[in-house]
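Taking it in order: structure first as structure tokens, then the write-up.
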4 protein chains.
Amino acid sequence: MSTTATDVHVRDLLESYRRVRALTERLAAPLEPEDQVVQSMDDVSPTKWHLAHTSWFFEAFLLRPFLAGYRSLDVRYDHLFNSYYETHGRMHPRPRRGLLSRPTVREVLGFRGHVDAAMVRILEAGGRDRDETAEIARRVTLGLNHEQQHQELLLMDCKHVLGSSPLRPAYRDDLATDLEGDRDSSGGAPGWCRFAGGIHEIGAPAEGFAFDNERPRHRVLVEDFELADRLVTCGEWLEFVQDGGYRRPELWMADGLARCREDRWEAPLYWQRCERTEGWSVQTLGGPRPVAADEPVVHVSWFEADAFARWAGARLPTEAEWEIAAVAAPEPRGGGFLDADRLHPSPARPRRGASPRQLFGEVWQWTASPYVGYRGFQPLEGTLGEYNGKFMNGQYVLRGGSCVTPADHLRSSYRNFFYPHQRWAFAGLRLARG
Amino acid sequence: MSTTATDVHVRDLLESYRRVRALTERLAAPLEPEDQVVQSMDDVSPTKWHLAHTSWFFEAFLLRPFLAGYRSLDVRYDHLFNSYYETHGRMHPRPRRGLLSRPTVREVLGFRGHVDAAMVRILEAGGRDRDETAEIARRVTLGLNHEQQHQELLLMDCKHVLGSSPLRPAYRDDLATDLEGDRDSSGGAPGWCRFAGGIHEIGAPAEGFAFDNERPRHRVLVEDFELADRLVTCGEWLEFVQDGGYRRPELWMADGLARCREDRWEAPLYWQRCERTEGWSVQTLGGPRPVAADEPVVHVSWFEADAFARWAGARLPTEAEWEIAAVAAPEPRGGGFLDADRLHPSPARPRRGASPRQLFGEVWQWTASPYVGYRGFQPLEGTLGEYNGKFMNGQYVLRGGSCVTPADHLRSSYRNFFYPHQRWAFAGLRLARG
Amino acid sequence: MSTTATDVHVRDLLESYRRVRALTERLAAPLEPEDQVVQSMDDVSPTKWHLAHTSWFFEAFLLRPFLAGYRSLDVRYDHLFNSYYETHGRMHPRPRRGLLSRPTVREVLGFRGHVDAAMVRILEAGGRDRDETAEIARRVTLGLNHEQQHQELLLMDCKHVLGSSPLRPAYRDDLATDLEGDRDSSGGAPGWCRFAGGIHEIGAPAEGFAFDNERPRHRVLVEDFELADRLVTCGEWLEFVQDGGYRRPELWMADGLARCREDRWEAPLYWQRCERTEGWSVQTLGGPRPVAADEPVVHVSWFEADAFARWAGARLPTEAEWEIAAVAAPEPRGGGFLDADRLHPSPARPRRGASPRQLFGEVWQWTASPYVGYRGFQPLEGTLGEYNGKFMNGQYVLRGGSCVTPADHLRSSYRNFFYPHQRWAFAGLRLARG
Amino acid sequence: MSTTATDVHVRDLLESYRRVRALTERLAAPLEPEDQVVQSMDDVSPTKWHLAHTSWFFEAFLLRPFLAGYRSLDVRYDHLFNSYYETHGRMHPRPRRGLLSRPTVREVLGFRGHVDAAMVRILEAGGRDRDETAEIARRVTLGLNHEQQHQELLLMDCKHVLGSSPLRPAYRDDLATDLEGDRDSSGGAPGWCRFAGGIHEIGAPAEGFAFDNERPRHRVLVEDFELADRLVTCGEWLEFVQDGGYRRPELWMADGLARCREDRWEAPLYWQRCERTEGWSVQTLGGPRPVAADEPVVHVSWFEADAFARWAGARLPTEAEWEIAAVAAPEPRGGGFLDADRLHPSPARPRRGASPRQLFGEVWQWTASPYVGYRGFQPLEGTLGEYNGKFMNGQYVLRGGSCVTPADHLRSSYRNFFYPHQRWAFAGLRLARG
């Protein structure tokens with residue numbers, strides 16, 4: 001096989017492959033084996049399940065179809081670690097992931113090593129022809145982006161597991177902290193950034209990696225709008241709480257109010273009121289600490305974000321508005337994301353220039369937009385077509401990435417999505433009006 | 001009080017009031033008292049609850065605020081017959097409406113008479129000043145449109161109650177039947193009507209009655225599209241069934257597939273397979289009868305409609321596309337609706353002209369559009385603000401009215417909405433593409 | 001067919017048949033049709049279901065097997081009105097009895113008439129031979145006793161239906177009331193009646209009608225014991241409530257405490273605290289009225305009765321103890337039961353003699369005895385074997401009959417049974433010690 | 001403090017204390033940390049929870065009240081590891097035990113060491129006076145018996161955890177195996193042992209350790225009866241299965257049939273049918289293996305045992321019958337129990353003599369007796385009164401101990417108890433008749 005441009009490209013992926021795979025294991029390392037088994041609610045997966053499932057992905061979509069003579073470490077893993085690919089075969093039921101004590105963490109790491117060794121072979125050899133090599137490159141790239149999504153999920157999920165414990169353990173006690181000197185200490189209301197309406201284009205261009213749900217790039221009509229120049233803060237959220245925000249029906253969607261009552265929401269997830277002082281503390285990946293007024297609020301549901309916006313006399317931005325503003329923002333995008341190793345959103349920096357701050361890498365920002373396919377949306381072919389398309393119902397789009405998202409995973413056109421009642425994502429909000 | 005233009009207007013409402021109120025009672029009349037008590041699922045309300053709740057609406061929003069000296073027949077009804085107005089006060093829980101044997105049907109009719117007598121006084125007298133009179137007129141108009149919605153609900157609900165019975169009783173056995181001679185007997189695929197893209201306006205104009213959710217009228221950008229020139233038929237649906245449509249994961253939203261499996265959907269609601277002949281019958285308000293291939297399919301969920309469209313290589317139209325086509329269609333809208341007294345959708349007539357057939361008055365047509373507020377949406381003031389706005393989450397828009405919708409209740413801008421799993425509405429679909 | 005002793009006996013049953021059947025209809029008569037449809041919880045059956053099921057019993061076990069040429073009014077009733085006879089065939093699910101609006105009350109009464117007419121023929125003609133005639137006589141007797149059980153159930157159930165309504169309607173407003181002059185006004189603690197231990201016999205003798213669960217008559221060993229000479233009163237229960245009885249774990253079975261918390265028990269079923277006066281009212285079949293201190297407490301679960309007895313430093317009697325005392329009591333059994341037409345338990349009369357008062361016909365008395373088969377228990381043959389035997393698990397025995405039990409239905413050996421959490425029976429308690 | 005007889009007794013307990021505590025840790029040792037976290041159903045507790053709770057017992061009832069200056073390792077453990085002592089304080093909810101990843105196994109072992117060190121001090125020093133020393137001795141003895149119960153629970157529970165895994169891992173692969181040479185190879189029906197009726201005494205005598213529920217010793221009347229001379233075997237159970245035993249309503253209690261259908265029982269828990277060969281395998285603590293016809297059936301519910309007995313034309317023995325037979329049996333009791341290190345019941349040995357075989361240490365034997373307090377039952381004082389008494393409702397008594405019960409934990413008067421639907425205990429049955 002001669003070395004072609006595409007072969008080179010596949011071999012180039014080796015470095016990315018090693019880097020991404022290693023990071024996943026580094027993220028799990030601070031956890032005890034016991035922490036890696038527990039499933040604290042149906043939405044959460046155990047850490048070791050994430051470690052295994054991301055390897056299953058490479059096995060199912062790369063090794064089985066493309067590596068001649070590949071032997072699985074244990075054929076039963078194909079069933080255990082399939083997440084939701086119905087056309088791939090029946091799977092272990094999601095709510096029962098936490099009942100699997102085996103394979104152990106050590107065994108799962110062995111599975112990862114087994115898959116990695118085989119993946120190195122495939123990445124070094126490429127496919128039998130150009131087309132196959134290109135397909136391999138596409139799938140590896142997808143697999144790495146998939147694994148990055150699970151890096152964020154792993155942190156969301158272990159935060160929930162640890163946060164479910166009355167002992168409130170920290171995930172790590174050596175996290176980077178905020179630069180106190182560079183906080184916006186003005187303390188007042190946000191400023192507003194104006195954007196002109198008209199026909200814009202949004203979505204990912206046809207070239208380069210993007211998820212299928214970001215395409216096709218297409219025209220949208222927006223009217224003039226304004227975006228708040230920073231995220232909603234804990235201080236503002238506290239006012240909402242104290243103003244009875246969680247108990248005033250006129251602020252809420254009917255389904256949101258029902259959920260709020262049923263689950264007895266009184267504040268964001270992970271906030272806890274100290275019975276003695278009546279102050280609020282918040283559980284972070286670095287352990288519990290007092291709620292800081294200037295930090296962005298995080299771990300709120302869409303229902304709460306929507307009610308807050310109504311209370312504030314504003315609204316949530318649409319995803320088109322957000323993307324138009326994000327594309328217009330000057331580089332750099334700021335120093336947040338997983339890469340900053342803070343694992344908690346930071347306060348806004350002082351204002352510099354007219355652009356919205358905190359667009360990226362602090363908290364996922366709920367939008368007013370239900371998650372639907374763009375006009376002309378085409379899912380991937382075959383089983384991978386289940387990746388995104390079948391979830392385009394009942395959820396809302398979030399934009400911008402969070403403090404637990406790898407920086408190189410995020411694009412301005414990136415569409416995250418959750419159900420409106422879900423709170424365990426690192427989700428907050430930015431107000432819009434107009 | 002002098003007779004002003006507005007007074008005249010209020011008095012004019014008297015005729016409408018009497019007509020609408022009488023129709024509700026006429027719709028209930030064929031039912032036995034026993035039929036009017038049962039709540040066959042949480043979504044369904046007993047007939048007598050509809051009879052009472054529509055009267056409660058006038059009492060709560062007209063008689064109590066505007067009729068000096070008004071005395072309620074029973075103060076506890078204010079609690080029992082409040083549907084969902086949280087800011088009005090706590091209400092009897094919806095899933096327990098079927099546990100109320102009292103007040104009896106006779107007593108509820110007495111309540112209706114009591115309210116009607118008081119409403120006549122208010123409609124004859126008007127308000128204390130122009131503004132109040134105008135407000136009364138607005139609310140009465142809203143109340144009558146509200147009652148028309150409950151006329152449709154009453155029929156949907158009693159169809160479900162009767163359909164839950166193994167005895168499969170008919171609601172009436174004297175319903176009007178289809179004109180056999182005027183059916184489209186071509187039997188082939190639908191034709192397609194092309195519409196040009198661009199910036200259009202949709203929504204209700206500021207003048208005249210419309211629900212708050214139809215406003216404001218606003219600009220939308222649509223690309224070129226095509227609409228099928230008739231509704232999807234039972235014959236086509238049968239092909240979908242026979243092609244394994246209910247068992248093929250690649251056709252379904254993930255939530256839809258879960259619901260399909262849990263509730264064991266195999267065909268539209270009210271279809272029943274004859275174990276002997278393997279043919280299908282369908283329960284109608286006129287009793288059971290064989291499924292007719294050329295009739296529009298009805299009582300399918302959005303999940304099913306969406307899966308069908310994917311199977312058919314097409315998609316559901318957006319609500320903007322539907323409205324653009326509907327506005328462009330020539331009068332008359334056709335002879336369906338409740339007024340035709342068929343209470344079941346009719347086959348398409350033979351093609352005449354280039355416009356889509358069956359746009360109105362046969363089945364509500366599911367659209368691809370999540371039900372959200374139009375940009376700039378303003379709910380009504382006060383408690384009536386809960387009428388529509390708080391449901392703008394998790395549901396889909398349906399358009400066109402059905403065979404159990406009063407004809408004068410429907411507008412091209414009318415937005416109906418249901419959750420994607422709900423099947424008991426008279427909902428079907430029309431395909432789109434492009 | 002010659003007239004034999006058995007024939008005479010069958011014909012004698014005609015009078016009983018007519019009397020019992022007519023009483024059932026008389027008990028339903030005060031109810032509106034709407035009242036007769038509702039199923040207010042899974043345990044409750046609609047009135048018209050009772051009317052139909054008791055007729056189904058005669059159809060299934062007498063008319064179908066023994067009346068040549070019998071034609072059912074509607075073959076589907078055989079499915080709809082089978083209660084729990086698995087070996088007879090699949091049945092309409094119990095929790096869905098309240099969804100059946102049809103057959104209507106009128107139609108059900110028609111079904112009763114249809115069955116009655118056929119039953120008269122069978123009762124007049126007898127069987128084809130002696131054995132068959134004897135079997136018919138046995139089954140008719142069982143069917144009438146079965147119907148008497150449903151007379152009590154009908155009243156229990158419609159009390160629950162009416163009691164579920166915020167309107168708190170009365171079943172009748174012309175009920176007999178207590179004879180004020182003959183109440184025990186002493187107001188103090190109960191007296192105690194001593195009984196000597198030893199080997200006793202309990203259970204029904206082999207001759208005469210009794211349910212299978214009362215047999216065989218057998219030996220039991222009891223130690224010396226004492227029974228309170230009257231039932232526990234509402235006044236005593238109120239002390240229990242005020243002493244925190246419902247919140248003290250040490251008084252309760254673990255399962256009882258869980259149920260108490262889950263269902264938020266704070267007092268007997270049908271008690272309601274007046275928010276204004278803090279006094280208690282109780283819903284009766286005659287409507288709401290203040291709780292009377294000297295009346296027997298009723299509508300308590302076994303869990304509550306057991307906790308009360310522990311609180312009182314006593315215990316519940318075993319069923320053997322109760323039966324020994326009952327057999328020893330002098331006639332008459334007192335003037336309670338359904339026949340007194342009070343439909344609510346009455347205060348004890350003044351003490352006369354040494355025997356326990358209120359043994360019969362006021363409230364069913366919970367015993368400490370789990371409901372199990374007597375040693376050597378034989379269920380009836382065939383499908384009727386499901387009558388009692390299959391319920392001999394997880395329930396407790398109650399003795400004595402209540403104010404809604406027909407007097408001629410009750411025997412000293414009669415064993416009623418309910419689950420320990422059930423409260424809608426007319427159940428109270430009498431203390432024991434020793 | 002002078003050395004008194006009681007002091008000596010306390011110090012004697014030191015040896016037992018060390019032995020029992022060490023065994024618990026030895027039982028947990030073969031498990032991975034991951035195995036020790038999982039709670040595979042509400043009834044199951046994680047291994048590390050057992051390790052911690054048994055230590056909590058000594059802390060709560062010995063160290064806190066009697067060891068001056070005792071400091072807990074972590075005050076929050078008092079909440080986390082309280083099982084069900086309501087009067088001790090609120091506890092971590094049972095169904096959420098599997099959500100606790102912390103304390104880790106290592107930390108729990110540290111907690112055990114902390115408690116053990118303090119217990120040694122208390123056991124060496126005794127109490128401040130004779131009474132206190134006696135109370136300490138009583139509670140330590142109870143604590144050790146309590147820990148032995150949890151040794152069995154630990155094995156039951158980890159069997160369920162491992163058995164929930166599709167990987168079917170073994171707990172240990174070095175278990176002792178049956179002595180093939182000493183099996184009863186006759187293969188026929190069981191023999192029957194006759195016992196004469198009359199007034200007997202059962203229950204534990206006042207002296208010596210026994211649980212409160214075994215007292216007081218009291219008189220019972222039994223009639224003549226027969227007991228099968230061995231346990232019901234898997235071979236016999238297979239006949240029941242093949243005869244449709246799980247699908248024949250006439251064999252079942254109504255509640256049992258409902259459970260059987262809901263949970264789709266078709267065979268004992270841990271049996272699995274091989275799809276290829278149609279043979280049955282069974283999951284044991286030593287891993288999966290073929291079902292052996294001559295082994296006692298185990299892991300059946302009371303509902304199944306009761307249905308089997310009815311199918312076999314026999315019945316379950318009462319607990320009095322069982323105890324009378326057990327007391328009459330000659331020593332030794334046989335070589336089963338946990339001490340045999342087989343952890344699975346063994347086939348009967350060949351008949352020698354007239355006594356029933358396999359009375360002890362193979363499988364717990366369901367009896368026909370609901371678990372109620374003996375007449376005159378007195379729970380322990382204070383919080384320990386919750387140990388047994390509050391569960392005397394809705395459960396059935398089992399007798400004889402199993403292959404995972406420590407031999408010195410069992411007495412002829414020992415009463416174990418489970419709900420009739422529970423299957424994860426090592427429970428089987430022996431037939432009775434007469």
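Letters for chains follow the order of the structure tokens (A, B, ...), residue numbers begin at 1 for each chain, and ligand numbers begin at 1 in the order shown.
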Legend entry - Shell of 9 Å around Leu343 (chain D), only C-alpha atoms, local chain residues under 5 positions omitted, as a PyMOL selection string: chain D and resi 155+175-176+284-286+336-338+362+402-404
Residues from last step as file, N, CA and C atoms, as a short mmCIF file (atom, residue, chain, number, x, y, z; two decimals), in the first residue's frame:
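Result saved to selection_29.cif:
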data_model
loop_
_atom_site.label_atom_id
_atom_site.label_comp_id
_atom_site.auth_asym_id
_atom_site.auth_seq_id
_atom_site.Cartn_x
_atom_site.Cartn_y
_atom_site.Cartn_z
N LEU D 155 -23.48 -13.33 52.45
CA LEU D 155 -23.34 -14.35 51.40
C LEU D 155 -24.57 -14.40 50.49
N LEU D 175 -14.37 -23.95 46.54
CA LEU D 175 -15.30 -24.42 47.57
C LEU D 175 -15.22 -25.94 47.74
N ALA D 176 -15.54 -26.40 48.95
CA ALA D 176 -15.60 -27.83 49.20
C ALA D 176 -16.74 -28.41 48.36
N THR D 284 -24.33 -20.85 41.43
CA THR D 284 -24.00 -21.04 42.84
C THR D 284 -22.88 -20.08 43.22
N LEU D 285 -22.52 -20.08 44.49
CA LEU D 285 -21.41 -19.21 44.89
C LEU D 285 -20.10 -19.70 44.28
N GLY D 286 -20.11 -20.91 43.78
CA GLY D 286 -18.95 -21.42 43.07
C GLY D 286 -19.08 -21.27 41.56
N GLY D 336 -23.44 -29.99 57.70
CA GLY D 336 -23.62 -28.89 56.76
C GLY D 336 -23.18 -27.56 57.34
N PHE D 337 -24.03 -26.58 57.19
CA PHE D 337 -23.77 -25.22 57.68
C PHE D 337 -22.60 -24.55 56.93
N LEU D 338 -22.40 -23.32 57.28
CA LEU D 338 -21.29 -22.54 56.72
C LEU D 338 -19.96 -23.23 56.98
N GLU D 362 -28.71 -27.27 55.72
CA GLU D 362 -28.69 -27.35 54.26
C GLU D 362 -29.48 -26.19 53.65
N SER D 402 -29.07 -23.01 57.16
CA SER D 402 -28.70 -23.38 55.80
C SER D 402 -27.19 -23.57 55.69
N CYS D 403 -26.77 -23.88 54.49
CA CYS D 403 -25.35 -24.08 54.19
C CYS D 403 -24.54 -22.80 54.29
N VAL D 404 -25.18 -21.67 54.55
CA VAL D 404 -24.43 -20.44 54.79
C VAL D 404 -24.69 -19.89 56.19
#
I want to know what sits within 12 Å of Ile324 (chain C), based on only C-alpha atoms, with residues of the same chain fewer than 3 positions away left out; could you give that as a VMD selection string?
chain C and resid 194 to 203 219 to 227 317 to 321 327 to 329 355 to 356 359 399 412 to 413
- Message: Taking 6 positions as the minimum chain separation for residues in the same chain, which residues sit within 8 Å of region 140-146 of chain B when counting only C-alpha atoms? Answer as a list of chain:residue names.
- Response: B:Leu13, B:Ser16, B:Tyr17, B:Val20, B:Arg21, B:Thr54, B:Phe57, B:Phe58, B:Leu62, B:Phe209, B:His409
Q.
Give me, as number ranges by chain, the residues of chain B touching chain A, with the criterion being at most 8 Å (counting only C-alpha atoms).
A. B: 86-87, 220-221, 249-250, 252-255, 370, 376, 386, 389-395, 434
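Using only C-alpha atoms, the residues found no farther than 8 Å from region 258-273 of chain A, other than those of its own chain fewer than 6 positions away, are Gly163, Val241, Tyr246, Gly279, Trp280, Ser281, Val282, Gln283, Thr284, Val291, Val297, Val298, His299, Val300, His421, Arg423 and Trp424 of chain A.
The residue set within 10 Å of region 93-97 of chain C, counting only C-alpha atoms and dropping same-chain residues fewer than 3 places from it, reads Ser40, Ser164 and Ser165 of chain B; Val37, Val38, Gln39, Ser40, Met41, Asp42, Asp43, Val44, Ser45, Pro46, Lys48, Trp49, His79, Leu80, Phe81, Asn82, Ser83, Tyr84, Arg90, Leu100 and Ser101 of chain C.
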Mind checking which residues fall within 12 Å of His9 (chain A), counting only C-alpha atoms, ignoring those fewer than 4 positions away in the same chain, and posting them as a PDB file with N, CA and C atoms, in the first residue's frame?
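File out09.pdb, as written:
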ATOM      1  N   THR A   3       1.983   5.160   0.360  1.00  0.00           N
ATOM      2  CA  THR A   3       1.615   6.190   1.326  1.00  0.00           C
ATOM      3  C   THR A   3       0.964   7.358   0.607  1.00  0.00           C
ATOM      4  N   THR A   4      -0.306   7.497   0.874  1.00  0.00           N
ATOM      5  CA  THR A   4      -1.035   8.593   0.226  1.00  0.00           C
ATOM      6  C   THR A   4      -1.349   9.662   1.264  1.00  0.00           C
ATOM      7  N   ALA A   5      -1.919  10.703   0.786  1.00  0.00           N
ATOM      8  CA  ALA A   5      -2.290  11.804   1.687  1.00  0.00           C
ATOM      9  C   ALA A   5      -3.219  11.286   2.783  1.00  0.00           C
ATOM     10  N   LEU A  13      -3.711  10.633  13.120  1.00  0.00           N
ATOM     11  CA  LEU A  13      -4.723  10.495  14.168  1.00  0.00           C
ATOM     12  C   LEU A  13      -4.198   9.723  15.369  1.00  0.00           C
ATOM     13  N   LEU A  14      -3.126   8.993  15.149  1.00  0.00           N
ATOM     14  CA  LEU A  14      -2.578   8.188  16.233  1.00  0.00           C
ATOM     15  C   LEU A  14      -2.248   9.041  17.458  1.00  0.00           C
ATOM     16  N   GLU A  15      -1.632  10.158  17.181  1.00  0.00           N
ATOM     17  CA  GLU A  15      -1.257  11.065  18.271  1.00  0.00           C
ATOM     18  C   GLU A  15      -2.513  11.559  19.018  1.00  0.00           C
ATOM     19  N   SER A  16      -3.513  11.984  18.239  1.00  0.00           N
ATOM     20  CA  SER A  16      -4.770  12.414  18.865  1.00  0.00           C
ATOM     21  C   SER A  16      -5.402  11.265  19.646  1.00  0.00           C
ATOM     22  N   LEU A 123      -4.540   2.056  12.936  1.00  0.00           N
ATOM     23  CA  LEU A 123      -4.141   3.428  12.614  1.00  0.00           C
ATOM     24  C   LEU A 123      -2.799   3.440  11.896  1.00  0.00           C
ATOM     25  N   GLU A 124      -1.985   2.464  12.188  1.00  0.00           N
ATOM     26  CA  GLU A 124      -0.708   2.408  11.478  1.00  0.00           C
ATOM     27  C   GLU A 124      -0.871   1.818  10.082  1.00  0.00           C
ATOM     28  N   ALA A 125      -1.802   0.904   9.926  1.00  0.00           N
ATOM     29  CA  ALA A 125      -1.924   0.213   8.651  1.00  0.00           C
ATOM     30  C   ALA A 125      -2.870   0.925   7.677  1.00  0.00           C
ATOM     31  N   GLY A 126      -3.859   1.626   8.203  1.00  0.00           N
ATOM     32  CA  GLY A 126      -4.863   2.207   7.315  1.00  0.00           C
ATOM     33  C   GLY A 126      -5.772   1.129   6.742  1.00  0.00           C
ATOM     34  N   GLY A 127      -6.615   1.516   5.796  1.00  0.00           N
ATOM     35  CA  GLY A 127      -7.563   0.561   5.217  1.00  0.00           C
ATOM     36  C   GLY A 127      -7.007  -0.120   3.975  1.00  0.00           C
ATOM     37  N   ARG A 130      -8.281   3.378  -0.534  1.00  0.00           N
ATOM     38  CA  ARG A 130      -8.468   4.793  -0.202  1.00  0.00           C
ATOM     39  C   ARG A 130      -9.796   5.051   0.491  1.00  0.00           C
ATOM     40  N   THR A 133      -9.798   3.674   3.955  1.00  0.00           N
ATOM     41  CA  THR A 133      -8.944   4.499   4.801  1.00  0.00           C
ATOM     42  C   THR A 133      -9.666   5.794   5.180  1.00  0.00           C
ATOM     43  N   ALA A 134     -10.334   6.360   4.224  1.00  0.00           N
ATOM     44  CA  ALA A 134     -11.074   7.595   4.517  1.00  0.00           C
ATOM     45  C   ALA A 134     -12.190   7.327   5.521  1.00  0.00           C
ATOM     46  N   GLU A 135     -12.844   6.194   5.348  1.00  0.00           N
ATOM     47  CA  GLU A 135     -13.923   5.856   6.273  1.00  0.00           C
ATOM     48  C   GLU A 135     -13.362   5.620   7.673  1.00  0.00           C
ATOM     49  N   ILE A 136     -12.215   4.954   7.733  1.00  0.00           N
ATOM     50  CA  ILE A 136     -11.578   4.735   9.030  1.00  0.00           C
ATOM     51  C   ILE A 136     -11.254   6.084   9.683  1.00  0.00           C
ATOM     52  N   ALA A 137     -10.695   6.968   8.909  1.00  0.00           N
ATOM     53  CA  ALA A 137     -10.339   8.289   9.456  1.00  0.00           C
ATOM     54  C   ALA A 137     -11.581   9.005   9.982  1.00  0.00           C
ATOM     55  N   ARG A 138     -12.638   8.935   9.212  1.00  0.00           N
ATOM     56  CA  ARG A 138     -13.884   9.583   9.651  1.00  0.00           C
ATOM     57  C   ARG A 138     -14.383   8.982  10.965  1.00  0.00           C
ATOM     58  N   VAL A 140     -12.691   7.207  13.244  1.00  0.00           N
ATOM     59  CA  VAL A 140     -11.787   7.462  14.375  1.00  0.00           C
ATOM     60  C   VAL A 140     -12.012   8.885  14.902  1.00  0.00           C
ATOM     61  N   THR A 141     -12.134   9.797  13.968  1.00  0.00           N
ATOM     62  CA  THR A 141     -12.382  11.181  14.390  1.00  0.00           C
ATOM     63  C   THR A 141     -13.691  11.265  15.175  1.00  0.00           C
TER      64      THR A 141
END
Note to self: Write out as number ranges by chain the set of residues from region 111-338 of chain D that DSSP, computed on the backbone, places in strand (DSSP E or B).
What the structure shows: D: 192-195, 198-202, 218-222, 225-228, 233, 271-273, 280-284, 287-290, 296, 315
**OP:** Could you pull out the residues in region 30-137 of chain A that DSSP calls alpha helix (DSSP H) from the backbone, as JSON, numbers by chain?
**Re:** {"A": [47, 48, 49, 50, 51, 52, 53, 54, 55, 56, 57, 58, 64, 65, 66, 77, 78, 79, 80, 105, 106, 107, 108, 109, 110, 111, 112, 113, 114, 115, 116, 117, 118, 119, 120, 121, 122, 123, 124, 125, 130, 131, 132, 133, 134, 135, 136, 137]}
Preceding selection exported with C-alpha atoms as a short mmCIF file (atom, residue, chain, number, x, y, z; two decimals), in the first residue's frame:
data_model
loop_
_atom_site.label_atom_id
_atom_site.label_comp_id
_atom_site.auth_asym_id
_atom_site.auth_seq_id
_atom_site.Cartn_x
_atom_site.Cartn_y
_atom_site.Cartn_z
CA THR A 47 -17.21 5.80 35.61
CA LYS A 48 -16.06 2.38 34.60
CA TRP A 49 -18.97 2.11 32.22
CA HIS A 50 -17.74 5.26 30.47
CA LEU A 51 -14.24 3.78 30.34
CA ALA A 52 -15.61 0.63 28.77
CA HIS A 53 -18.25 2.10 26.49
CA THR A 54 -15.84 4.48 24.77
CA SER A 55 -13.68 1.44 24.00
CA TRP A 56 -16.71 -0.50 22.81
CA PHE A 57 -17.30 2.29 20.33
CA PHE A 58 -13.93 1.71 18.68
CA ARG A 64 -14.90 -5.47 14.08
CA PRO A 65 -15.56 -4.11 10.59
CA PHE A 66 -12.01 -3.16 9.59
CA TYR A 77 -18.91 -6.81 26.44
CA ASP A 78 -20.54 -6.10 23.10
CA HIS A 79 -23.88 -6.38 24.86
CA LEU A 80 -22.86 -4.80 28.15
CA VAL A 105 -12.05 -1.23 37.06
CA ARG A 106 -8.84 -3.14 36.54
CA GLU A 107 -10.51 -5.41 34.02
CA VAL A 108 -12.01 -2.46 32.21
CA LEU A 109 -8.61 -0.86 31.95
CA GLY A 110 -7.43 -4.16 30.52
CA PHE A 111 -10.21 -3.92 27.94
CA ARG A 112 -9.06 -0.42 27.08
CA GLY A 113 -5.52 -1.67 26.59
CA HIS A 114 -6.76 -4.50 24.40
CA VAL A 115 -8.69 -2.10 22.21
CA ASP A 116 -5.89 0.43 22.11
CA ALA A 117 -3.36 -2.14 20.94
CA ALA A 118 -5.67 -3.13 18.11
CA MET A 119 -6.46 0.48 17.27
CA VAL A 120 -2.77 1.25 16.95
CA ARG A 121 -2.54 -1.50 14.38
CA ILE A 122 -5.42 -0.12 12.40
CA LEU A 123 -4.14 3.43 12.61
CA GLU A 124 -0.71 2.41 11.48
CA ALA A 125 -1.92 0.21 8.65
CA ARG A 130 -8.47 4.79 -0.20
CA ASP A 131 -12.16 4.72 0.51
CA GLU A 132 -11.80 2.44 3.45
CA THR A 133 -8.94 4.50 4.80
CA ALA A 134 -11.07 7.59 4.52
CA GLU A 135 -13.92 5.86 6.27
CA ILE A 136 -11.58 4.73 9.03
CA ALA A 137 -10.34 8.29 9.46
#
